[in-house]
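Note sheet for the following structure.
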Amino acid sequence: MTRLDRLRAADPAAADLVDRMVALSIRGLPPGYSDGEFVFTRRGRRGPDGRWTAVPEGRSLRYSAIVALGAAALPQDGQRAALAGDTTLDLAGHLVKRLPEVTGLGDVALICWAAAESGHGDLGLALTRLAEVEDALDGPVPTVEAAWALSALAAATAAGETSGLGERLRKARGRLLDGLGDDRLYRHVIGSAPWYRAHVGCFADQVYPLQALARLHVVSGGDPEALAAAERVAAGICGVQGPQGQWWWHYDARTGEVVEGYPVYSVHQLSMAPMALLDLADAGGTSYLDAIRLGLGWMTERPETGEELIVEELGLTWRKAAREDPRKLVRGVRAMSTAVSRGTRIGVLDRVYPPVAVDHECRPYELGWLLYAWLFEELAK
């Protein structure tokens, strides 16, 4: 039974929404694709007649690699539809050729992961580059990037590239488990950080380690410690999920309490939370299908704004519902206040800066993760 089949058995309306979003993603990716690479964002522009357009801006190897992961879960005709005539192998090949100039752990890991998922013949070269970048690390490592490195190695193992990976998997596993330590949730970096936000982790800092540890449990033939850590994180984020399905943004890693809930991102509701939680269930862990369903529902009805976030005519979703606060004031104040005294809310900030703004942009990775979240298991078969 596929992920969509499981969702449909529990909630046909939620499954219809995901079907709609998969079709929208395939249709919405080509406008952001050019010369083997995706743009950084498509930014909304409203004309005098009130109608929206989406203007491409910048380029992003990182987002291109994430789209490659999502497109790899499509049949070849679907890949060509999503990639303006190219296949995932074409996209992965372009990314692998760029590796010598890529220095960031996260970007290299994602490209390596995409090479593994797409079956690219230069996976070995990508793994070598990942090893070079890891060997050069010195100092704190962003939690998200550490998780992507472990997921890349797990994907390479699943693809049959096992030579020399055992020790590397062990080190990447140890780094990620050490990063959680005795905390309830993950912090933003593994290593030292400024005192006023050292205790804070964002939603991405929870989702990607959860996913990586669940996948490690599968490819290693069983890793109870890794699975237990993934379960701890999943229980933490699901335990404080908003009443309308909101996946909140900033947490106190020490306690699991929400430091600041906003922004709430479309990609978290549609893609990243389902992706990680479904991976946990597939690994034999707890099923959080009800939490996934609740999160999906936020996309069609929410208390923050009545504006439609799914824009069919442009093939995108608007990025987030957020506060209109200058320089991210609320999250900064709440991070500092909870560093001084755990659980401090400063509730007046909710009244001064209500979450009524909509961010009118869409980044390609948002659509890429959606495809990967809901179609991945068909590739695995």
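Here's how to read the names in the structure tokens: chain A, B, ... by the order shown, residue numbers from 1 in each chain, ligand numbers from 1 in the order shown.
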Sorted by chain and rising residue number, which residues of segment 171-280 of chain A lie within 10 Å of segment 347-358 of chain A, and what are their closest atom pairs and distances in Å to one decimal, counting only C-alpha atoms, as CSV?
residue,atom,partner,partner_atom,distance
A:Glu260,CA,A:Asp350,CA,9.9
A:Gly261,CA,A:Pro355,CA,9.6
A:Tyr262,CA,A:Pro355,CA,7.1
A:Pro263,CA,A:Pro355,CA,7.6
A:Val264,CA,A:Pro355,CA,9.1
A:Tyr265,CA,A:Val358,CA,9.9
Ala68 of chain A: which residues within 10 Å, counting only C-alpha atoms, same-chain residues fewer than 3 positions away excluded, as number ranges by chain? A: 37, 62-65, 71-73, 79, 82-83, 87-92, 95, 110-111, 113-115, 117-118, 365, 368-369, 371-372
Could you dump the residues just selected with N, CA and C atoms as a PDB file, in the first residue's frame?
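Generated file (out21.pdb):
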ATOM      1  N   GLU A  37      19.431  23.896 -14.134  1.00  0.00           N
ATOM      2  CA  GLU A  37      19.463  24.373 -12.751  1.00  0.00           C
ATOM      3  C   GLU A  37      18.173  25.113 -12.433  1.00  0.00           C
ATOM      4  N   ARG A  62      21.394  23.971  -4.301  1.00  0.00           N
ATOM      5  CA  ARG A  62      20.734  23.241  -3.209  1.00  0.00           C
ATOM      6  C   ARG A  62      19.308  22.892  -3.587  1.00  0.00           C
ATOM      7  N   TYR A  63      18.575  23.867  -4.048  1.00  0.00           N
ATOM      8  CA  TYR A  63      17.183  23.605  -4.406  1.00  0.00           C
ATOM      9  C   TYR A  63      17.094  22.691  -5.632  1.00  0.00           C
ATOM     10  N   SER A  64      18.062  22.808  -6.532  1.00  0.00           N
ATOM     11  CA  SER A  64      18.082  21.921  -7.698  1.00  0.00           C
ATOM     12  C   SER A  64      18.252  20.471  -7.265  1.00  0.00           C
ATOM     13  N   ALA A  65      19.113  20.229  -6.289  1.00  0.00           N
ATOM     14  CA  ALA A  65      19.332  18.867  -5.802  1.00  0.00           C
ATOM     15  C   ALA A  65      18.078  18.316  -5.132  1.00  0.00           C
ATOM     16  N   ALA A  71      11.909  14.567  -8.232  1.00  0.00           N
ATOM     17  CA  ALA A  71      11.625  14.119  -9.602  1.00  0.00           C
ATOM     18  C   ALA A  71      12.024  12.661  -9.804  1.00  0.00           C
ATOM     19  N   ALA A  72      13.014  12.188  -9.048  1.00  0.00           N
ATOM     20  CA  ALA A  72      13.446  10.792  -9.175  1.00  0.00           C
ATOM     21  C   ALA A  72      12.345   9.819  -8.808  1.00  0.00           C
ATOM     22  N   ALA A  73      11.365  10.271  -8.039  1.00  0.00           N
ATOM     23  CA  ALA A  73      10.257   9.413  -7.651  1.00  0.00           C
ATOM     24  C   ALA A  73       9.171   9.340  -8.716  1.00  0.00           C
ATOM     25  N   GLN A  79       9.061  12.866 -15.090  1.00  0.00           N
ATOM     26  CA  GLN A  79      10.304  13.614 -14.941  1.00  0.00           C
ATOM     27  C   GLN A  79      10.447  14.645 -16.056  1.00  0.00           C
ATOM     28  N   ALA A  82       8.168  17.548 -15.451  1.00  0.00           N
ATOM     29  CA  ALA A  82       8.582  18.423 -14.354  1.00  0.00           C
ATOM     30  C   ALA A  82       9.861  19.184 -14.663  1.00  0.00           C
ATOM     31  N   LEU A  83      10.709  18.609 -15.542  1.00  0.00           N
ATOM     32  CA  LEU A  83      12.033  19.185 -15.798  1.00  0.00           C
ATOM     33  C   LEU A  83      12.168  19.726 -17.216  1.00  0.00           C
ATOM     34  N   THR A  87      15.502  14.606 -17.843  1.00  0.00           N
ATOM     35  CA  THR A  87      15.241  13.565 -16.866  1.00  0.00           C
ATOM     36  C   THR A  87      16.011  13.876 -15.588  1.00  0.00           C
ATOM     37  N   THR A  88      15.725  13.105 -14.554  1.00  0.00           N
ATOM     38  CA  THR A  88      16.457  13.289 -13.304  1.00  0.00           C
ATOM     39  C   THR A  88      17.946  13.011 -13.490  1.00  0.00           C
ATOM     40  N   LEU A  89      18.273  12.048 -14.326  1.00  0.00           N
ATOM     41  CA  LEU A  89      19.686  11.778 -14.595  1.00  0.00           C
ATOM     42  C   LEU A  89      20.368  12.987 -15.220  1.00  0.00           C
ATOM     43  N   ASP A  90      19.661  13.684 -16.103  1.00  0.00           N
ATOM     44  CA  ASP A  90      20.230  14.906 -16.699  1.00  0.00           C
ATOM     45  C   ASP A  90      20.518  15.947 -15.619  1.00  0.00           C
ATOM     46  N   LEU A  91      19.545  16.155 -14.744  1.00  0.00           N
ATOM     47  CA  LEU A  91      19.711  17.143 -13.687  1.00  0.00           C
ATOM     48  C   LEU A  91      20.812  16.723 -12.720  1.00  0.00           C
ATOM     49  N   ALA A  92      20.799  15.454 -12.310  1.00  0.00           N
ATOM     50  CA  ALA A  92      21.829  14.976 -11.389  1.00  0.00           C
ATOM     51  C   ALA A  92      23.215  15.083 -12.021  1.00  0.00           C
ATOM     52  N   LEU A  95      24.501  18.566 -11.750  1.00  0.00           N
ATOM     53  CA  LEU A  95      24.895  18.883 -10.373  1.00  0.00           C
ATOM     54  C   LEU A  95      26.221  18.231 -10.006  1.00  0.00           C
ATOM     55  N   LEU A 110      23.429  16.923  -0.442  1.00  0.00           N
ATOM     56  CA  LEU A 110      22.203  16.818  -1.224  1.00  0.00           C
ATOM     57  C   LEU A 110      22.486  16.333  -2.648  1.00  0.00           C
ATOM     58  N   ILE A 111      23.567  16.811  -3.245  1.00  0.00           N
ATOM     59  CA  ILE A 111      23.917  16.361  -4.589  1.00  0.00           C
ATOM     60  C   ILE A 111      24.282  14.877  -4.573  1.00  0.00           C
ATOM     61  N   TRP A 113      23.199  12.679  -2.410  1.00  0.00           N
ATOM     62  CA  TRP A 113      21.930  11.991  -2.163  1.00  0.00           C
ATOM     63  C   TRP A 113      21.140  11.874  -3.469  1.00  0.00           C
ATOM     64  N   ALA A 114      21.080  12.958  -4.237  1.00  0.00           N
ATOM     65  CA  ALA A 114      20.362  12.931  -5.509  1.00  0.00           C
ATOM     66  C   ALA A 114      21.008  11.967  -6.503  1.00  0.00           C
ATOM     67  N   ALA A 115      22.340  11.911  -6.513  1.00  0.00           N
ATOM     68  CA  ALA A 115      23.032  10.969  -7.390  1.00  0.00           C
ATOM     69  C   ALA A 115      22.674   9.534  -7.017  1.00  0.00           C
ATOM     70  N   GLU A 117      19.851   8.490  -5.424  1.00  0.00           N
ATOM     71  CA  GLU A 117      18.442   8.221  -5.706  1.00  0.00           C
ATOM     72  C   GLU A 117      18.176   8.084  -7.207  1.00  0.00           C
ATOM     73  N   SER A 118      18.915   8.811  -8.017  1.00  0.00           N
ATOM     74  CA  SER A 118      18.684   8.787  -9.466  1.00  0.00           C
ATOM     75  C   SER A 118      19.435   7.667 -10.166  1.00  0.00           C
ATOM     76  N   TYR A 365      12.407  24.027  -4.034  1.00  0.00           N
ATOM     77  CA  TYR A 365      12.536  22.875  -3.147  1.00  0.00           C
ATOM     78  C   TYR A 365      11.207  22.519  -2.488  1.00  0.00           C
ATOM     79  N   GLY A 368       9.723  20.185  -4.809  1.00  0.00           N
ATOM     80  CA  GLY A 368      10.537  18.983  -4.868  1.00  0.00           C
ATOM     81  C   GLY A 368      10.309  18.075  -3.676  1.00  0.00           C
ATOM     82  N   TRP A 369      10.301  18.651  -2.476  1.00  0.00           N
ATOM     83  CA  TRP A 369      10.064  17.823  -1.291  1.00  0.00           C
ATOM     84  C   TRP A 369       8.659  17.243  -1.293  1.00  0.00           C
ATOM     85  N   LEU A 371       6.952  16.116  -3.874  1.00  0.00           N
ATOM     86  CA  LEU A 371       7.005  14.898  -4.687  1.00  0.00           C
ATOM     87  C   LEU A 371       7.726  13.788  -3.937  1.00  0.00           C
ATOM     88  N   TYR A 372       8.819  14.130  -3.293  1.00  0.00           N
ATOM     89  CA  TYR A 372       9.609  13.128  -2.584  1.00  0.00           C
ATOM     90  C   TYR A 372       8.835  12.553  -1.399  1.00  0.00           C
TER      91      TYR A 372
END
May I have the residues within 8 Å of Gly191 of chain A as a count of residues only, using only C-alpha atoms and disregarding those fewer than 4 positions away in the same chain? 4
Would you mind writing down, as a PyMOL selection string, each residue of segment 14-206 of chain A that DSSP on the backbone assigns to strand (DSSP E or B)? chain A and resi 33-34+37-38+41-46+52-57+60+141-142+189-190+200-202
Please produce a file of those selected residues containing C-alpha atoms, as a PDB file, in the first residue's frame.
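Written output follows (selection36.pdb):
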ATOM      1  CA  TYR A  33      14.136  25.574 -14.532  1.00  0.00           C
ATOM      2  CA  SER A  34      16.774  26.791 -16.970  1.00  0.00           C
ATOM      3  CA  GLU A  37      19.463  24.373 -12.751  1.00  0.00           C
ATOM      4  CA  PHE A  38      16.581  25.786 -10.749  1.00  0.00           C
ATOM      5  CA  THR A  41      12.626  31.542  -5.940  1.00  0.00           C
ATOM      6  CA  ARG A  42       9.612  32.632  -7.953  1.00  0.00           C
ATOM      7  CA  ARG A  43       8.514  35.875  -6.338  1.00  0.00           C
ATOM      8  CA  GLY A  44       4.946  37.071  -6.578  1.00  0.00           C
ATOM      9  CA  ARG A  45       4.183  40.372  -8.280  1.00  0.00           C
ATOM     10  CA  ARG A  46       0.692  41.826  -8.250  1.00  0.00           C
ATOM     11  CA  TRP A  52      -0.462  37.734  -9.640  1.00  0.00           C
ATOM     12  CA  THR A  53       2.551  36.713 -11.653  1.00  0.00           C
ATOM     13  CA  ALA A  54       5.652  34.902 -10.390  1.00  0.00           C
ATOM     14  CA  VAL A  55       9.045  36.311 -11.363  1.00  0.00           C
ATOM     15  CA  PRO A  56      12.091  33.952 -11.288  1.00  0.00           C
ATOM     16  CA  GLU A  57      15.027  35.182  -9.190  1.00  0.00           C
ATOM     17  CA  SER A  60      20.278  27.520  -6.356  1.00  0.00           C
ATOM     18  CA  VAL A 141      28.065  21.975  12.041  1.00  0.00           C
ATOM     19  CA  PRO A 142      24.501  23.033  11.173  1.00  0.00           C
ATOM     20  CA  VAL A 189      23.920  23.681  15.347  1.00  0.00           C
ATOM     21  CA  ILE A 190      25.944  20.776  16.636  1.00  0.00           C
ATOM     22  CA  VAL A 200      16.879  27.114  19.930  1.00  0.00           C
ATOM     23  CA  GLY A 201      16.156  24.711  17.087  1.00  0.00           C
ATOM     24  CA  CYS A 202      13.858  25.341  14.138  1.00  0.00           C
TER      25      CYS A 202
END
Computed interatomic separation between atom CA of Arg80 of chain A and atom CA of Ala13 of chain A (Å): 28.5 Å
Report as a list in words all protein, DNA and RNA residues lying within 12 Å of Asp178 of chain A, evaluated on only C-alpha atoms, omitting residues in the same chain fewer than 6 positions from it. Val141, Thr143, Ala146, Arg170, Lys171, Ala172, Leu185, Tyr186, Arg187, Val189, Ile190, Gly191, Pro209, Glu225, Ala226 and Ala229 of chain A
With all heavy atoms retained, export the selected residues as a compact mmCIF listing (two decimals), in the first residue's frame.
# COMPACT_ATOMS: atom_id res chain seq x y z
N VAL A 141 28.68 22.44 13.28
CA VAL A 141 28.07 21.98 12.04
C VAL A 141 26.56 22.22 12.13
O VAL A 141 25.94 21.82 13.12
CB VAL A 141 28.33 20.48 11.82
CG1 VAL A 141 27.64 19.98 10.56
CG2 VAL A 141 29.83 20.20 11.73
N THR A 143 22.84 21.56 12.11
CA THR A 143 22.15 20.29 12.31
C THR A 143 21.54 19.76 11.02
O THR A 143 21.62 18.56 10.72
CB THR A 143 21.07 20.45 13.38
OG1 THR A 143 21.69 20.84 14.61
CG2 THR A 143 20.29 19.18 13.59
N ALA A 146 24.24 18.20 8.84
CA ALA A 146 24.68 16.92 9.39
C ALA A 146 23.67 15.82 9.07
O ALA A 146 24.04 14.68 8.76
CB ALA A 146 24.88 17.04 10.90
N ARG A 170 29.11 5.35 10.44
CA ARG A 170 29.25 5.35 11.90
C ARG A 170 29.57 6.75 12.42
O ARG A 170 28.99 7.20 13.42
CB ARG A 170 30.37 4.38 12.30
CG ARG A 170 30.49 4.18 13.81
CD ARG A 170 31.74 3.40 14.18
NE ARG A 170 32.95 4.17 13.89
CZ ARG A 170 33.41 5.15 14.67
NH1 ARG A 170 32.75 5.50 15.76
NH2 ARG A 170 34.51 5.80 14.35
N LYS A 171 30.46 7.46 11.74
CA LYS A 171 30.82 8.80 12.18
C LYS A 171 29.66 9.78 12.02
O LYS A 171 29.39 10.61 12.90
CB LYS A 171 32.04 9.30 11.39
CG LYS A 171 33.34 8.60 11.78
CD LYS A 171 34.52 9.18 11.01
CE LYS A 171 35.83 8.52 11.41
NZ LYS A 171 36.98 9.07 10.65
N ALA A 172 28.96 9.71 10.88
CA ALA A 172 27.83 10.60 10.65
C ALA A 172 26.71 10.31 11.64
O ALA A 172 26.04 11.23 12.14
CB ALA A 172 27.33 10.45 9.22
N LEU A 185 14.76 18.07 21.93
CA LEU A 185 14.76 18.26 20.48
C LEU A 185 16.15 18.73 20.06
O LEU A 185 17.04 18.94 20.88
CB LEU A 185 13.71 19.29 20.07
CG LEU A 185 12.24 18.90 20.29
CD1 LEU A 185 11.33 20.10 20.01
CD2 LEU A 185 11.83 17.71 19.44
N TYR A 186 16.33 18.89 18.75
CA TYR A 186 17.63 19.31 18.23
C TYR A 186 17.79 20.83 18.29
O TYR A 186 16.86 21.59 18.06
CB TYR A 186 17.78 18.86 16.78
CG TYR A 186 18.35 17.46 16.66
CD1 TYR A 186 17.52 16.37 16.49
CD2 TYR A 186 19.72 17.25 16.73
CE1 TYR A 186 18.04 15.08 16.39
CE2 TYR A 186 20.26 15.97 16.63
CZ TYR A 186 19.41 14.89 16.46
OH TYR A 186 19.93 13.63 16.37
N ARG A 187 19.03 21.24 18.55
CA ARG A 187 19.42 22.65 18.45
C ARG A 187 19.80 22.96 17.00
O ARG A 187 19.96 22.06 16.18
CB ARG A 187 20.59 22.93 19.39
CG ARG A 187 20.26 22.63 20.85
CD ARG A 187 21.45 22.79 21.76
NE ARG A 187 21.13 22.36 23.12
CZ ARG A 187 21.32 23.09 24.21
NH1 ARG A 187 21.87 24.30 24.11
NH2 ARG A 187 20.99 22.63 25.40
N VAL A 189 22.58 24.14 15.73
CA VAL A 189 23.92 23.68 15.35
C VAL A 189 24.39 22.62 16.32
O VAL A 189 23.99 22.58 17.48
CB VAL A 189 24.95 24.84 15.29
CG1 VAL A 189 24.57 25.86 14.25
CG2 VAL A 189 25.13 25.47 16.66
N ILE A 190 25.26 21.75 15.81
CA ILE A 190 25.94 20.78 16.64
C ILE A 190 27.30 21.38 16.98
O ILE A 190 28.17 21.52 16.12
CB ILE A 190 26.09 19.44 15.90
CG1 ILE A 190 24.71 18.87 15.58
CG2 ILE A 190 26.91 18.45 16.72
CD1 ILE A 190 24.74 17.64 14.69
N GLY A 191 27.44 21.80 18.21
CA GLY A 191 28.63 22.55 18.62
C GLY A 191 28.22 23.85 19.27
O GLY A 191 27.04 24.08 19.57
N PRO A 209 16.93 15.46 10.82
CA PRO A 209 17.52 14.39 11.63
C PRO A 209 16.56 13.22 11.86
O PRO A 209 16.97 12.05 11.83
CB PRO A 209 17.86 15.08 12.95
CG PRO A 209 18.01 16.52 12.61
CD PRO A 209 16.98 16.75 11.54
N GLU A 225 18.99 2.52 18.75
CA GLU A 225 19.30 3.83 19.32
C GLU A 225 18.92 4.95 18.37
O GLU A 225 18.36 5.97 18.79
CB GLU A 225 20.79 3.91 19.66
CG GLU A 225 21.17 5.19 20.39
CD GLU A 225 22.64 5.28 20.74
OE1 GLU A 225 23.41 4.35 20.39
OE2 GLU A 225 23.05 6.30 21.35
N ALA A 226 19.21 4.76 17.08
CA ALA A 226 18.83 5.76 16.09
C ALA A 226 17.32 5.89 16.00
O ALA A 226 16.77 7.00 15.93
CB ALA A 226 19.42 5.40 14.73
N ALA A 229 15.93 7.81 18.97
CA ALA A 229 16.15 9.25 18.85
C ALA A 229 15.14 9.87 17.89
O ALA A 229 14.60 10.95 18.15
CB ALA A 229 17.58 9.53 18.38
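Between atom CA of Gly124 of chain A and atom CA of Pro30 of chain A lies a distance of 29.1 Å.
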Do you know which residues are at most 9 Å from Tyr208 of chain A counting only C-alpha atoms, after dropping those on the same chain fewer than 6 positions away, and could you put them as a ChimeraX atom specification? /A:143-148,151,272,276
Which of these residues is nearest to Gly284 of chain A, using only C-alpha atoms: A:His188, A:His217, A:Arg175, A:Arg168? A:His217
Neighbouring residues of segment 289-298 of chain A were defined as those with any atom within 8 Å, considering only C-alpha atoms; residues of the same chain fewer than 2 positions away were excluded. Please report them as a PyMOL selection string. chain A and resi 7+11+14+238+241+244-247+269-270+273-274+277-278+287+300-302
Find the distance between atom CA of Ala230 of chain A and atom CA of Leu165 of chain A and write it in Å to one decimal. 21.7 Å
Among the residues of segment 61-278 of chain A, find those DSSP assigns to alpha helix (DSSP H) from the backbone and print them as JSON, numbers by chain. {"A": [61, 62, 63, 64, 65, 66, 67, 68, 69, 70, 71, 76, 77, 78, 79, 80, 81, 82, 88, 89, 90, 91, 92, 93, 94, 95, 96, 97, 98, 105, 106, 107, 108, 109, 110, 111, 112, 113, 114, 115, 116, 117, 118, 123, 124, 125, 126, 127, 128, 129, 130, 131, 132, 133, 134, 135, 143, 144, 145, 146, 147, 148, 149, 150, 151, 152, 153, 154, 155, 156, 157, 158, 165, 166, 167, 168, 169, 170, 171, 172, 173, 174, 175, 176, 177, 178, 179, 180, 203, 204, 205, 206, 207, 208, 209, 210, 211, 212, 213, 214, 215, 216, 217, 218, 219, 224, 225, 226, 227, 228, 229, 230, 231, 232, 233, 234, 235, 236, 237, 238, 239, 266, 267, 273, 274, 275, 276, 277, 278]}
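In this comparison, which uses only C-alpha atoms, the residue of A:Ala198, A:Glu377, A:Thr305, A:Gln211 approaching Met1 of chain A most closely is A:Glu377.
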Considering only C-alpha atoms, give me a table of residues in segment 272-354 of chain A that are at most 12 Å from segment 192-197 of chain A, with the closest atom pair and distance in Å for each, as a tab-separated table.
residue	atom	partner	partner_atom	distance
A:Arg331	CA	A:Arg197	CA	10.0
A:Gly332	CA	A:Arg197	CA	8.3
A:Val333	CA	A:Tyr196	CA	9.4
A:Arg334	CA	A:Arg197	CA	9.4
A:Ala335	CA	A:Arg197	CA	5.7
A:Met336	CA	A:Tyr196	CA	4.8
A:Ser337	CA	A:Tyr196	CA	8.1
A:Thr338	CA	A:Tyr196	CA	8.3
A:Ala339	CA	A:Tyr196	CA	5.6
A:Val340	CA	A:Tyr196	CA	8.0
A:Ser341	CA	A:Tyr196	CA	11.0
A:Arg342	CA	A:Tyr196	CA	12.0
